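start.pdb, holding PDB, C-alpha atoms:
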```
ATOM      1  CA  MET A   7    -139.306  46.255 -16.626
ATOM      2  CA  ARG A   8    -138.884  42.649 -15.647
ATOM      3  CA  ARG A   9    -141.715  41.709 -17.936
ATOM      4  CA  PHE A  10    -140.051  43.569 -20.772
ATOM      5  CA  ILE A  11    -136.789  41.710 -20.239
ATOM      6  CA  ALA A  12    -138.599  38.426 -20.135
ATOM      7  CA  LEU A  13    -140.345  39.273 -23.391
ATOM      8  CA  LEU A  14    -137.076  40.260 -24.960
ATOM      9  CA  LEU A  15    -135.456  37.004 -23.866
ATOM     10  CA  MET A  16    -138.348  35.040 -25.293
ATOM     11  CA  ALA A  17    -138.079  36.895 -28.550
ATOM     12  CA  LEU A  18    -134.370  36.220 -28.698
ATOM     13  CA  ALA A  19    -134.934  32.557 -27.920
ATOM     14  CA  LEU A  20    -137.291  32.420 -30.879
ATOM     15  CA  VAL A  21    -134.781  34.033 -33.189
ATOM     16  CA  SER A  22    -131.991  31.694 -32.173
ATOM     17  CA  GLY A  23    -134.442  28.871 -32.736
ATOM     18  CA  TRP A  24    -134.775  29.872 -36.374
ATOM     19  CA  ALA A  25    -131.079  30.280 -36.953
ATOM     20  CA  LYS A  26    -130.229  26.837 -38.194
ATOM     21  CA  GLU A  27    -127.251  26.010 -40.270
ATOM     22  CA  ALA A  28    -128.218  26.051 -43.940
ATOM     23  CA  VAL A  29    -128.854  22.550 -45.180
ATOM     24  CA  PRO A  30    -126.658  21.744 -48.178
ATOM     25  CA  LEU A  31    -128.811  21.146 -51.228
ATOM     26  CA  ALA A  32    -126.712  18.430 -52.764
ATOM     27  CA  GLU A  33    -125.350  15.288 -51.200
ATOM     28  CA  ASP A  34    -121.832  16.445 -51.728
ATOM     29  CA  PRO A  35    -121.059  20.051 -50.780
ATOM     30  CA  VAL A  36    -117.578  19.849 -52.285
ATOM     31  CA  VAL A  37    -118.937  18.901 -55.691
ATOM     32  CA  GLU A  38    -121.569  21.599 -55.417
ATOM     33  CA  GLN A  39    -118.985  24.200 -54.497
ATOM     34  CA  ARG A  40    -116.942  23.378 -57.578
ATOM     35  CA  LEU A  41    -120.055  23.283 -59.734
ATOM     36  CA  ILE A  42    -120.991  26.785 -58.629
ATOM     37  CA  ALA A  43    -117.461  28.081 -59.157
ATOM     38  CA  ILE A  44    -117.329  26.672 -62.699
ATOM     39  CA  SER A  45    -120.852  27.472 -63.785
ATOM     40  CA  GLU A  46    -120.678  31.045 -62.573
ATOM     41  CA  GLU A  47    -118.096  31.571 -65.309
ATOM     42  CA  MET A  48    -120.470  30.262 -67.964
ATOM     43  CA  ARG A  49    -123.335  31.811 -69.827
ATOM     44  CA  CYS A  50    -126.730  30.205 -69.865
ATOM     45  CA  LEU A  51    -127.624  29.746 -73.534
ATOM     46  CA  VAL A  52    -131.336  30.172 -73.131
ATOM     47  CA  CYS A  53    -131.308  33.313 -71.035
ATOM     48  CA  GLN A  54    -128.081  34.878 -72.098
ATOM     49  CA  ASN A  55    -127.946  37.467 -69.354
ATOM     50  CA  GLU A  56    -127.750  34.830 -66.683
ATOM     51  CA  SER A  57    -124.895  32.643 -65.642
ATOM     52  CA  LEU A  58    -125.273  28.908 -65.810
ATOM     53  CA  ALA A  59    -125.082  28.880 -62.023
ATOM     54  CA  GLY A  60    -127.928  31.354 -61.622
ATOM     55  CA  SER A  61    -130.299  30.301 -64.368
ATOM     56  CA  ARG A  62    -133.439  28.339 -63.648
ATOM     57  CA  SER A  63    -134.017  27.360 -67.252
ATOM     58  CA  ASP A  64    -134.469  23.714 -68.080
ATOM     59  CA  LEU A  65    -131.342  23.517 -70.170
ATOM     60  CA  ALA A  66    -129.288  25.093 -67.392
ATOM     61  CA  ASN A  67    -130.608  22.453 -65.023
ATOM     62  CA  ASP A  68    -129.588  19.704 -67.423
ATOM     63  CA  LEU A  69    -126.192  21.234 -67.999
ATOM     64  CA  ARG A  70    -125.574  21.578 -64.281
ATOM     65  CA  ARG A  71    -126.460  17.900 -63.951
ATOM     66  CA  GLU A  72    -123.945  17.039 -66.688
ATOM     67  CA  LEU A  73    -121.268  19.176 -65.069
ATOM     68  CA  ARG A  74    -121.999  17.577 -61.691
ATOM     69  CA  ASN A  75    -121.426  14.170 -63.270
ATOM     70  CA  LEU A  76    -118.182  15.332 -64.836
ATOM     71  CA  ILE A  77    -116.974  16.658 -61.480
ATOM     72  CA  LYS A  78    -117.818  13.358 -59.833
ATOM     73  CA  GLN A  79    -115.845  11.599 -62.542
ATOM     74  CA  GLY A  80    -112.849  13.595 -61.376
ATOM     75  CA  LYS A  81    -112.548  15.832 -64.451
ATOM     76  CA  THR A  82    -110.465  18.978 -64.086
ATOM     77  CA  ASP A  83    -111.948  22.445 -64.504
ATOM     78  CA  ALA A  84    -110.167  22.792 -67.844
ATOM     79  CA  GLU A  85    -111.640  19.517 -69.100
ATOM     80  CA  ILE A  86    -115.105  20.632 -68.031
ATOM     81  CA  ARG A  87    -114.696  23.944 -69.841
ATOM     82  CA  ASP A  88    -113.599  22.018 -72.938
ATOM     83  CA  PHE A  89    -116.705  19.856 -72.671
ATOM     84  CA  MET A  90    -118.876  22.945 -72.812
ATOM     85  CA  VAL A  91    -116.903  24.752 -75.509
ATOM     86  CA  GLU A  92    -116.915  21.668 -77.760
ATOM     87  CA  ARG A  93    -120.703  21.723 -77.700
ATOM     88  CA  TYR A  94    -121.688  25.351 -77.384
ATOM     89  CA  GLY A  95    -118.619  27.273 -78.540
ATOM     90  CA  ASP A  96    -116.609  30.018 -76.892
ATOM     91  CA  PHE A  97    -119.843  31.859 -76.376
ATOM     92  CA  VAL A  98    -120.539  29.947 -73.157
ATOM     93  CA  LEU A  99    -117.432  31.344 -71.507
ATOM     94  CA  TYR A 100    -117.727  34.746 -69.900
ATOM     95  CA  ARG A 101    -113.950  35.027 -69.935
ATOM     96  CA  PRO A 102    -112.881  34.503 -73.551
ATOM     97  CA  ARG A 103    -109.831  32.356 -74.059
ATOM     98  CA  VAL A 104    -106.606  33.869 -75.337
ATOM     99  CA  LYS A 105    -106.122  32.562 -78.878
ATOM    100  CA  PRO A 106    -105.538  34.088 -82.330
ATOM    101  CA  GLU A 107    -109.217  35.004 -82.766
ATOM    102  CA  THR A 108    -109.295  36.833 -79.457
ATOM    103  CA  TYR A 109    -105.873  38.516 -79.489
ATOM    104  CA  LEU A 110    -107.430  41.779 -80.650
ATOM    105  CA  LEU A 111    -110.094  41.531 -77.981
ATOM    106  CA  TRP A 112    -107.534  41.098 -75.218
ATOM    107  CA  ALA A 113    -104.930  43.520 -76.567
ATOM    108  CA  GLY A 114    -107.374  46.075 -77.998
ATOM    109  CA  PRO A 115    -107.855  48.182 -74.860
ATOM    110  CA  PHE A 116    -104.110  48.397 -74.301
ATOM    111  CA  LEU A 117    -103.494  49.311 -77.945
ATOM    112  CA  LEU A 118    -106.118  52.027 -77.692
ATOM    113  CA  MET A 119    -104.462  53.301 -74.528
ATOM    114  CA  ILE A 120    -101.045  53.417 -76.183
ATOM    115  CA  VAL A 121    -102.500  55.320 -79.132
ATOM    116  CA  ALA A 122    -104.294  57.742 -76.838
ATOM    117  CA  VAL A 123    -101.215  58.393 -74.697
ATOM    118  CA  THR A 124     -99.036  58.939 -77.790
ATOM    119  CA  VAL A 125    -101.502  61.411 -79.242
ATOM    120  CA  LEU A 126    -101.711  63.214 -75.919
ATOM    121  CA  LEU A 127     -97.924  63.433 -75.520
ATOM    122  CA  ARG A 128     -97.455  64.743 -79.049
ATOM    123  CA  TYR A 129    -100.146  67.327 -78.505
ATOM    124  CA  LEU A 130     -98.598  68.487 -75.244
ATOM    125  CA  ARG A 131     -95.127  68.721 -76.753
ATOM    126  CA  ARG A 132     -96.363  70.705 -79.726
ATOM    127  CA  ARG A 133     -98.242  73.095 -77.482
ATOM    128  CA  ASP A 134     -95.126  73.486 -75.349
ATOM    129  CA  ARG A 135     -93.113  74.527 -78.364
ATOM    130  CA  ALA A 136     -95.805  76.918 -79.564
ATOM    131  CA  VAL A 137     -95.719  78.917 -76.370
ATOM    132  CA  VAL A 138     -93.092  81.652 -76.860
ATOM    133  CA  HIS A 139     -90.924  82.074 -73.839
ATOM    134  CA  GLU A 140     -90.422  85.837 -73.673
ATOM    135  CA  PRO A 141     -87.501  86.594 -71.395
ATOM    136  CA  GLN A 142     -88.608  88.672 -68.466
ATOM    137  CA  LEU A 143     -86.557  91.803 -67.738
ATOM    138  CA  THR A 144     -85.679  92.930 -64.263
ATOM    139  CA  LYS A 145     -86.437  96.532 -63.331
ATOM    140  CA  ASP A 146     -82.812  97.516 -63.816
ATOM    141  CA  GLU A 147     -82.638  95.915 -67.250
ATOM    142  CA  ALA A 148     -85.894  97.584 -68.255
ATOM    143  CA  ARG A 149     -84.550 100.975 -67.269
ATOM    144  CA  ARG A 150     -81.369 100.331 -69.252
ATOM    145  CA  ALA A 151     -83.305  99.174 -72.282
ATOM    146  CA  GLU A 152     -85.467 102.248 -72.153
ATOM    147  CA  ALA A 153     -82.386 104.417 -71.923
ATOM    148  CA  LEU A 154     -80.834 102.731 -74.901
ATOM    149  CA  LEU A 155     -83.956 103.120 -76.946
ATOM    150  CA  ARG A 156     -84.176 106.808 -76.115
ATOM    151  CA  GLU A 157     -80.558 107.179 -77.111
ATOM    152  CA  GLY A 158     -81.319 105.681 -80.492
ATOM    153  CA  GLU A 159     -84.162 108.167 -81.027
ATOM    154  CA  LYS A 160     -81.793 111.141 -80.777
TER     155      LYS A 160
ATOM    156  CA  MET B  25    -104.861  69.418 -91.812
ATOM    157  CA  LYS B  26    -107.916  71.585 -92.502
ATOM    158  CA  ALA B  27    -110.168  68.561 -92.248
ATOM    159  CA  LYS B  28    -109.048  67.811 -88.706
ATOM    160  CA  PHE B  29    -112.475  68.486 -87.294
ATOM    161  CA  LEU B  30    -113.762  65.629 -89.450
ATOM    162  CA  ILE B  31    -111.813  62.999 -87.510
ATOM    163  CA  PRO B  32    -114.348  62.608 -84.663
ATOM    164  CA  LEU B  33    -117.117  62.518 -87.247
ATOM    165  CA  ALA B  34    -115.332  59.746 -89.133
ATOM    166  CA  MET B  35    -114.833  57.789 -85.904
ATOM    167  CA  PHE B  36    -118.499  58.233 -85.083
ATOM    168  CA  GLY B  37    -119.332  56.951 -88.564
ATOM    169  CA  VAL B  38    -117.282  53.804 -87.968
ATOM    170  CA  LEU B  39    -119.017  53.258 -84.636
ATOM    171  CA  VAL B  40    -122.431  53.671 -86.218
ATOM    172  CA  GLY B  41    -121.407  51.185 -88.905
ATOM    173  CA  PHE B  42    -120.495  48.532 -86.357
ATOM    174  CA  LEU B  43    -123.671  49.134 -84.366
ATOM    175  CA  ALA B  44    -125.787  48.988 -87.513
ATOM    176  CA  ILE B  45    -124.314  45.591 -88.397
ATOM    177  CA  GLY B  46    -124.932  44.505 -84.827
ATOM    178  CA  LEU B  47    -128.600  45.370 -85.133
ATOM    179  CA  THR B  48    -129.101  43.082 -88.098
ATOM    180  CA  ARG B  49    -127.811  40.049 -86.221
ATOM    181  CA  ASP B  50    -129.910  37.850 -84.001
ATOM    182  CA  PRO B  51    -128.162  37.417 -80.651
ATOM    183  CA  SER B  52    -130.202  34.326 -79.855
ATOM    184  CA  LYS B  53    -128.552  32.498 -82.768
ATOM    185  CA  ILE B  54    -125.276  31.137 -81.578
ATOM    186  CA  PRO B  55    -123.211  29.697 -84.426
ATOM    187  CA  SER B  56    -122.684  26.016 -83.905
ATOM    188  CA  VAL B  57    -119.156  24.792 -83.335
ATOM    189  CA  LEU B  58    -120.164  21.385 -84.612
ATOM    190  CA  ILE B  59    -120.293  22.370 -88.291
ATOM    191  CA  SER B  60    -117.805  20.237 -90.266
ATOM    192  CA  LYS B  61    -117.362  17.947 -87.289
ATOM    193  CA  PRO B  62    -118.573  14.359 -87.052
ATOM    194  CA  ALA B  63    -122.014  14.094 -85.497
ATOM    195  CA  PRO B  64    -121.767  12.943 -81.883
ATOM    196  CA  GLN B  65    -122.432   9.242 -81.425
ATOM    197  CA  PHE B  66    -125.392   8.063 -79.420
ATOM    198  CA  LYS B  67    -127.656   5.072 -79.184
ATOM    199  CA  VAL B  68    -131.169   5.584 -77.899
ATOM    200  CA  PRO B  69    -134.538   3.812 -78.196
ATOM    201  CA  GLN B  70    -136.875   4.684 -81.015
ATOM    202  CA  LEU B  71    -140.170   6.407 -80.334
ATOM    203  CA  ILE B  72    -142.626   4.225 -82.182
ATOM    204  CA  GLU B  73    -140.875   0.879 -82.152
ATOM    205  CA  ASP B  74    -139.492   1.290 -78.685
ATOM    206  CA  ALA B  75    -137.747  -2.068 -78.688
ATOM    207  CA  LYS B  76    -135.437  -0.863 -81.451
ATOM    208  CA  THR B  77    -132.640   1.617 -81.046
ATOM    209  CA  PHE B  78    -131.213   4.265 -83.330
ATOM    210  CA  ALA B  79    -127.621   5.367 -83.783
ATOM    211  CA  PRO B  80    -126.339   7.933 -86.327
ATOM    212  CA  ALA B  81    -124.093   5.208 -87.723
ATOM    213  CA  ASP B  82    -127.272   3.572 -89.088
ATOM    214  CA  MET B  83    -127.514   6.391 -91.614
ATOM    215  CA  LYS B  84    -124.001   6.037 -92.963
ATOM    216  CA  GLY B  85    -123.841   6.538 -96.726
ATOM    217  CA  GLN B  86    -126.914   8.764 -96.779
ATOM    218  CA  VAL B  87    -127.443  12.466 -96.528
ATOM    219  CA  TRP B  88    -130.045  13.037 -93.822
ATOM    220  CA  LEU B  89    -131.634  15.538 -91.517
ATOM    221  CA  LEU B  90    -131.724  15.293 -87.784
ATOM    222  CA  ASN B  91    -134.671  17.316 -86.572
ATOM    223  CA  VAL B  92    -134.854  17.982 -82.844
ATOM    224  CA  TRP B  93    -138.466  18.323 -81.780
ATOM    225  CA  ALA B  94    -140.811  17.888 -78.868
ATOM    226  CA  SER B  95    -144.549  17.808 -78.365
ATOM    227  CA  TRP B  96    -144.303  20.689 -75.873
ATOM    228  CA  CYS B  97    -142.462  22.846 -78.373
ATOM    229  CA  VAL B  98    -144.650  25.490 -79.934
ATOM    230  CA  ALA B  99    -142.256  26.517 -82.701
ATOM    231  CA  CYS B 100    -142.099  22.879 -83.825
ATOM    232  CA  ARG B 101    -145.733  23.154 -84.854
ATOM    233  CA  VAL B 102    -144.741  26.046 -87.095
ATOM    234  CA  GLU B 103    -142.228  24.036 -89.082
ATOM    235  CA  HIS B 104    -144.215  20.812 -89.012
ATOM    236  CA  PRO B 105    -146.147  21.397 -92.270
ATOM    237  CA  LEU B 106    -142.856  21.954 -94.088
ATOM    238  CA  LEU B 107    -141.467  18.711 -92.705
ATOM    239  CA  MET B 108    -144.640  16.934 -93.828
ATOM    240  CA  GLU B 109    -144.228  18.405 -97.287
ATOM    241  CA  MET B 110    -140.632  17.213 -97.450
ATOM    242  CA  ALA B 111    -141.659  13.749 -96.292
ATOM    243  CA  ARG B 112    -144.362  13.556 -98.972
ATOM    244  CA  ALA B 113    -141.869  14.605-101.628
ATOM    245  CA  LYS B 114    -139.375  12.102-100.185
ATOM    246  CA  ALA B 115    -136.841  14.907-100.475
ATOM    247  CA  VAL B 116    -134.472  13.613 -97.833
ATOM    248  CA  PRO B 117    -134.649  11.168 -94.922
ATOM    249  CA  ILE B 118    -135.672  12.978 -91.747
ATOM    250  CA  ILE B 119    -134.804  11.477 -88.409
ATOM    251  CA  GLY B 120    -136.541  13.048 -85.438
ATOM    252  CA  LEU B 121    -134.954  13.464 -82.060
ATOM    253  CA  ASP B 122    -137.748  13.674 -79.557
ATOM    254  CA  TYR B 123    -136.162  15.934 -77.000
ATOM    255  CA  LYS B 124    -137.128  15.747 -73.314
ATOM    256  CA  ASP B 125    -140.625  14.589 -74.042
ATOM    257  CA  LYS B 126    -143.097  12.113 -72.630
ATOM    258  CA  ARG B 127    -143.736   9.172 -74.914
ATOM    259  CA  PRO B 128    -147.560   9.372 -74.854
ATOM    260  CA  ASP B 129    -147.436  13.124 -75.535
ATOM    261  CA  ALA B 130    -145.017  12.622 -78.406
ATOM    262  CA  LEU B 131    -147.115   9.860 -79.956
ATOM    263  CA  LYS B 132    -150.229  11.998 -79.625
ATOM    264  CA  PHE B 133    -148.434  14.895 -81.305
ATOM    265  CA  LEU B 134    -147.479  12.724 -84.286
ATOM    266  CA  ALA B 135    -150.992  11.267 -84.498
ATOM    267  CA  GLN B 136    -152.497  14.747 -84.623
ATOM    268  CA  GLN B 137    -149.968  16.575 -86.759
ATOM    269  CA  GLY B 138    -148.747  13.729 -88.923
ATOM    270  CA  ASP B 139    -145.430  11.913 -88.778
ATOM    271  CA  PRO B 140    -142.854  13.200 -91.261
ATOM    272  CA  TYR B 141    -140.049  11.202 -89.722
ATOM    273  CA  ASP B 142    -138.469   8.044 -91.050
ATOM    274  CA  LEU B 143    -138.175   7.341 -87.373
ATOM    275  CA  SER B 144    -137.843   9.306 -84.182
ATOM    276  CA  ALA B 145    -135.230   8.642 -81.561
ATOM    277  CA  VAL B 146    -136.014   9.386 -77.952
ATOM    278  CA  ASP B 147    -133.803  11.679 -75.922
ATOM    279  CA  LEU B 148    -135.524  11.436 -72.561
ATOM    280  CA  ASP B 149    -133.125  13.365 -70.379
ATOM    281  CA  GLY B 150    -131.697  15.716 -73.012
ATOM    282  CA  ARG B 151    -128.274  14.074 -72.920
ATOM    283  CA  VAL B 152    -128.073  13.651 -76.713
ATOM    284  CA  GLY B 153    -129.256  17.220 -77.165
ATOM    285  CA  ILE B 154    -126.389  18.488 -75.049
ATOM    286  CA  ASP B 155    -123.885  16.585 -77.183
ATOM    287  CA  PHE B 156    -125.353  18.281 -80.247
ATOM    288  CA  GLY B 157    -125.204  21.672 -78.576
ATOM    289  CA  VAL B 158    -128.980  22.006 -78.680
ATOM    290  CA  TYR B 159    -130.163  24.985 -76.693
ATOM    291  CA  GLY B 160    -133.612  25.497 -78.056
ATOM    292  CA  VAL B 161    -136.052  23.330 -79.929
ATOM    293  CA  PRO B 162    -136.534  22.998 -82.865
ATOM    294  CA  GLU B 163    -133.090  22.645 -84.346
ATOM    295  CA  THR B 164    -132.222  20.797 -87.525
ATOM    296  CA  PHE B 165    -128.896  19.355 -88.587
ATOM    297  CA  VAL B 166    -127.880  18.399 -92.100
ATOM    298  CA  ILE B 167    -125.569  15.392 -91.897
ATOM    299  CA  ASP B 168    -123.604  14.073 -94.852
ATOM    300  CA  LYS B 169    -122.768  10.561 -96.025
ATOM    301  CA  ASN B 170    -119.798  10.319 -93.725
ATOM    302  CA  GLY B 171    -121.751  11.415 -90.700
ATOM    303  CA  VAL B 172    -120.324  14.931 -90.682
ATOM    304  CA  ILE B 173    -122.580  17.813 -89.644
ATOM    305  CA  ARG B 174    -122.773  20.310 -92.507
ATOM    306  CA  TYR B 175    -125.417  22.770 -91.439
ATOM    307  CA  LYS B 176    -127.507  23.654 -88.445
ATOM    308  CA  GLN B 177    -130.832  25.414 -88.592
ATOM    309  CA  ILE B 178    -131.602  27.090 -85.288
ATOM    310  CA  GLY B 179    -135.296  27.551 -84.728
ATOM    311  CA  PRO B 180    -138.041  26.447 -87.095
ATOM    312  CA  ILE B 181    -137.184  25.633 -90.695
ATOM    313  CA  THR B 182    -138.546  28.351 -92.944
ATOM    314  CA  LYS B 183    -139.527  27.946 -96.547
ATOM    315  CA  GLU B 184    -136.700  30.270 -97.457
ATOM    316  CA  ALA B 185    -134.091  28.332 -95.488
ATOM    317  CA  LEU B 186    -135.390  25.106 -96.966
ATOM    318  CA  GLU B 187    -135.319  26.203-100.602
ATOM    319  CA  LYS B 188    -132.232  28.375-100.537
ATOM    320  CA  THR B 189    -130.015  26.505 -98.115
ATOM    321  CA  ILE B 190    -131.074  23.089 -96.948
ATOM    322  CA  LEU B 191    -132.276  21.388-100.123
ATOM    323  CA  PRO B 192    -129.448  22.731-102.346
ATOM    324  CA  LEU B 193    -126.961  21.612 -99.714
ATOM    325  CA  VAL B 194    -128.511  18.150 -99.592
ATOM    326  CA  ASP B 195    -128.272  17.888-103.390
ATOM    327  CA  GLU B 196    -124.670  18.986-103.342
ATOM    328  CA  LEU B 197    -123.739  16.562-100.573
ATOM    329  CA  ARG B 198    -125.400  13.716-102.435
ATOM    330  CA  LYS B 199    -123.230  14.322-105.485
ATOM    331  CA  SER B 200    -119.973  14.292-103.554
TER     332      SER B 200
END
```

Transcribe the structure of this file into structure tokens.
Amino acid sequence: MRRFIALLLMALALVSGWAKEAVPLAEDPVVEQRLIAISEEMRCLVCQNESLAGSRSDLANDLRRELRNLIKQGKTDAEIRDFMVERYGDFVLYRPRVKPETYLLWAGPFLLMIVAVTVLLRYLRRRDRAVVHEPQLTKDEARRAEALLREGEK
Amino acid sequence: MKAKFLIPLAMFGVLVGFLAIGLTRDPSKIPSVLISKPAPQFKVPQLIEDAKTFAPADMKGQVWLLNVWASWCVACRVEHPLLMEMARAKAVPIIGLDYKDKRPDALKFLAQQGDPYDLSAVDLDGRVGIDFGVYGVPETFVIDKNGVIRYKQIGPITKEALEKTILPLVDELRKS
């Protein structure tokens, strides 16, 4: 048992030995943090299914270098986005900007929802009207009605 | 009201229409935002006479092509014969932008394949390419007398693009 504990402790010591704090890749973690935040919102142009932050393509590397420089120059996020859009178009942005060309894109889902809800409400209302509400008779009333009908037969 | 059952069919038809159009388009071709905008300014060394520099302003008053190429670029070899043909015919000045290349490799490429360029400018780190929105080599820009970008060919120049688009455009720009 003692041997087992000793082994366990040794194993644990080894594990804690591995657990180092991750070394930051760039000299400036703040810059890198901003770079990741910005480039995750951008499309890599070479491999279009990847974000600029995640892509390992050559162009993505170069663009990250450019963006890093811009961040170091103290440019705002908006200015950096403009830099990219001026060169590569709105296509680089995963989140399209709101402007006349994209109004339909942004409003489209809501318009479709309004249309769908209107159609649904109209359908329900029409169906409601179509159902005939036959008044239900109580037992007493039924007996009286029957009596009256029989009277008419005579 | 009898044709009510046709509504979903009609909607499906519209959907199919949109998808069919989508299929004919190449998603790797991203329309350039630089069309009708002044070409970005740069000043970089030339490839062959490396003591000299090149800037787009040098070409003011001429209609010219900026062809982005590299010795490592396979597709560039595809369009190279067409560029050579254009150079022989002196159709239009072609300036090369040697993109992220090594000088000896680039010089070797031109020695082997021929040099269709009036001169080639060297973009070592791809900085100029980024300003031009280059995302794949080769790309070719048609630039007018005032230094405004008029057309961008993404990927190799084809005979069709050359005869139907590029050369007519060059002629037209020369007249204006």

Find the residues near Gln136 (chain B): any atom within 12 Å, counting all atoms listed in the file, skip ones fewer than 5 places away on the same chain, and give them as a compact mmCIF listing (two decimals) with C-alpha atoms, in the coordinates of the input.
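To be explicit, this is the file written out as out-v8.txt:
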```
# COMPACT_ATOMS: atom_id res chain seq x y z
CA SER B 95 -144.55 17.81 -78.36
CA ARG B 101 -145.73 23.15 -84.85
CA HIS B 104 -144.22 20.81 -89.01
CA PRO B 105 -146.15 21.40 -92.27
CA ASP B 129 -147.44 13.12 -75.54
CA ALA B 130 -145.02 12.62 -78.41
CA LEU B 131 -147.12 9.86 -79.96
```

Selection near region 181-187 of chain B, 10 Å with only C-alpha atoms, sequence-local residues under 2 positions removed, as an MDAnalysis selection string
chainID B and resid 91 99:100 102:104 106:107 110 162:164 177:179 189:193

Expected file contents, prior selection, C-alpha atoms, as a compact mmCIF listing (two decimals), in the coordinates of the input:
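Contents of the output file part.txt:
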```txt
# COMPACT_ATOMS: atom_id res chain seq x y z
CA ASN B 91 -134.67 17.32 -86.57
CA ALA B 99 -142.26 26.52 -82.70
CA CYS B 100 -142.10 22.88 -83.82
CA VAL B 102 -144.74 26.05 -87.10
CA GLU B 103 -142.23 24.04 -89.08
CA HIS B 104 -144.22 20.81 -89.01
CA LEU B 106 -142.86 21.95 -94.09
CA LEU B 107 -141.47 18.71 -92.70
CA MET B 110 -140.63 17.21 -97.45
CA PRO B 162 -136.53 23.00 -82.86
CA GLU B 163 -133.09 22.64 -84.35
CA THR B 164 -132.22 20.80 -87.52
CA GLN B 177 -130.83 25.41 -88.59
CA ILE B 178 -131.60 27.09 -85.29
CA GLY B 179 -135.30 27.55 -84.73
CA THR B 189 -130.01 26.50 -98.12
CA ILE B 190 -131.07 23.09 -96.95
CA LEU B 191 -132.28 21.39 -100.12
CA PRO B 192 -129.45 22.73 -102.35
CA LEU B 193 -126.96 21.61 -99.71
```

Report, as AutoDock Vina command-line options, the centre and edge lengths in Å (one decimal) of the axis-aligned box enclosing every listed atom of region 128-145 of chain B, padded by 4 Å on each side.
```
--center_x -143.9 --center_y 12.0 --center_z -83.1 --size_x 25.3 --size_y 17.2 --size_z 24.4
```

Write out, as a tab-separated table, each residue of chain B that has an atom at most 10 Å from chain A, together with the closest pair of atoms and their distance in Å to one decimal, counting all atoms listed in the file, rows going by chain and rising number.
```
residue	atom	partner	partner_atom	distance
B:Pro51	CA	A:Gln54	CA	8.9
B:Ser52	CA	A:Val52	CA	8.0
B:Lys53	CA	A:Leu51	CA	9.7
B:Ile54	CA	A:Phe97	CA	7.6
B:Pro55	CA	A:Gly95	CA	7.8
B:Ser56	CA	A:Tyr94	CA	6.6
B:Val57	CA	A:Gly95	CA	5.4
B:Leu58	CA	A:Arg93	CA	6.9
B:Pro64	CA	A:Arg93	CA	9.8
B:Lys124	CA	A:Asp64	CA	9.9
B:Asp149	CA	A:Asp68	CA	7.8
B:Gly150	CA	A:Asp68	CA	7.2
B:Arg151	CA	A:Asp68	CA	8.0
B:Gly153	CA	A:Leu65	CA	9.6
B:Ile154	CA	A:Arg93	CA	7.1
B:Asp155	CA	A:Arg93	CA	6.1
B:Phe156	CA	A:Arg93	CA	6.3
B:Gly157	CA	A:Arg93	CA	4.6
B:Val158	CA	A:Tyr94	CA	8.1
B:Tyr159	CA	A:Leu51	CA	6.3
B:Gly160	CA	A:Val52	CA	7.2
```

Counting only C-alpha atoms, what is within 6 Å of Ala63 (chain B), bar same-chain residues fewer than 5 positions away, as a PyMOL selection string?
chain B and resi 171-173

In Å to one decimal, how far is CA of Lys126 (chain B) from CA of Leu143 (chain B)?
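Atom-to-atom, CA of Leu143 (chain B) to CA of Lys126 (chain B), that is 16.3 Å.
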
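Picture a line from CA of Thr144 (chain A) to CA of Glu157 (chain A); it runs 19.9 Å.
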
Tell me, in Å to one decimal, how far CA of Val166 (chain B) is from CA of Asp195 (chain B).
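Spanning CA of Val166 (chain B) to CA of Asp195 (chain B) is a straight-line distance of 11.3 Å.
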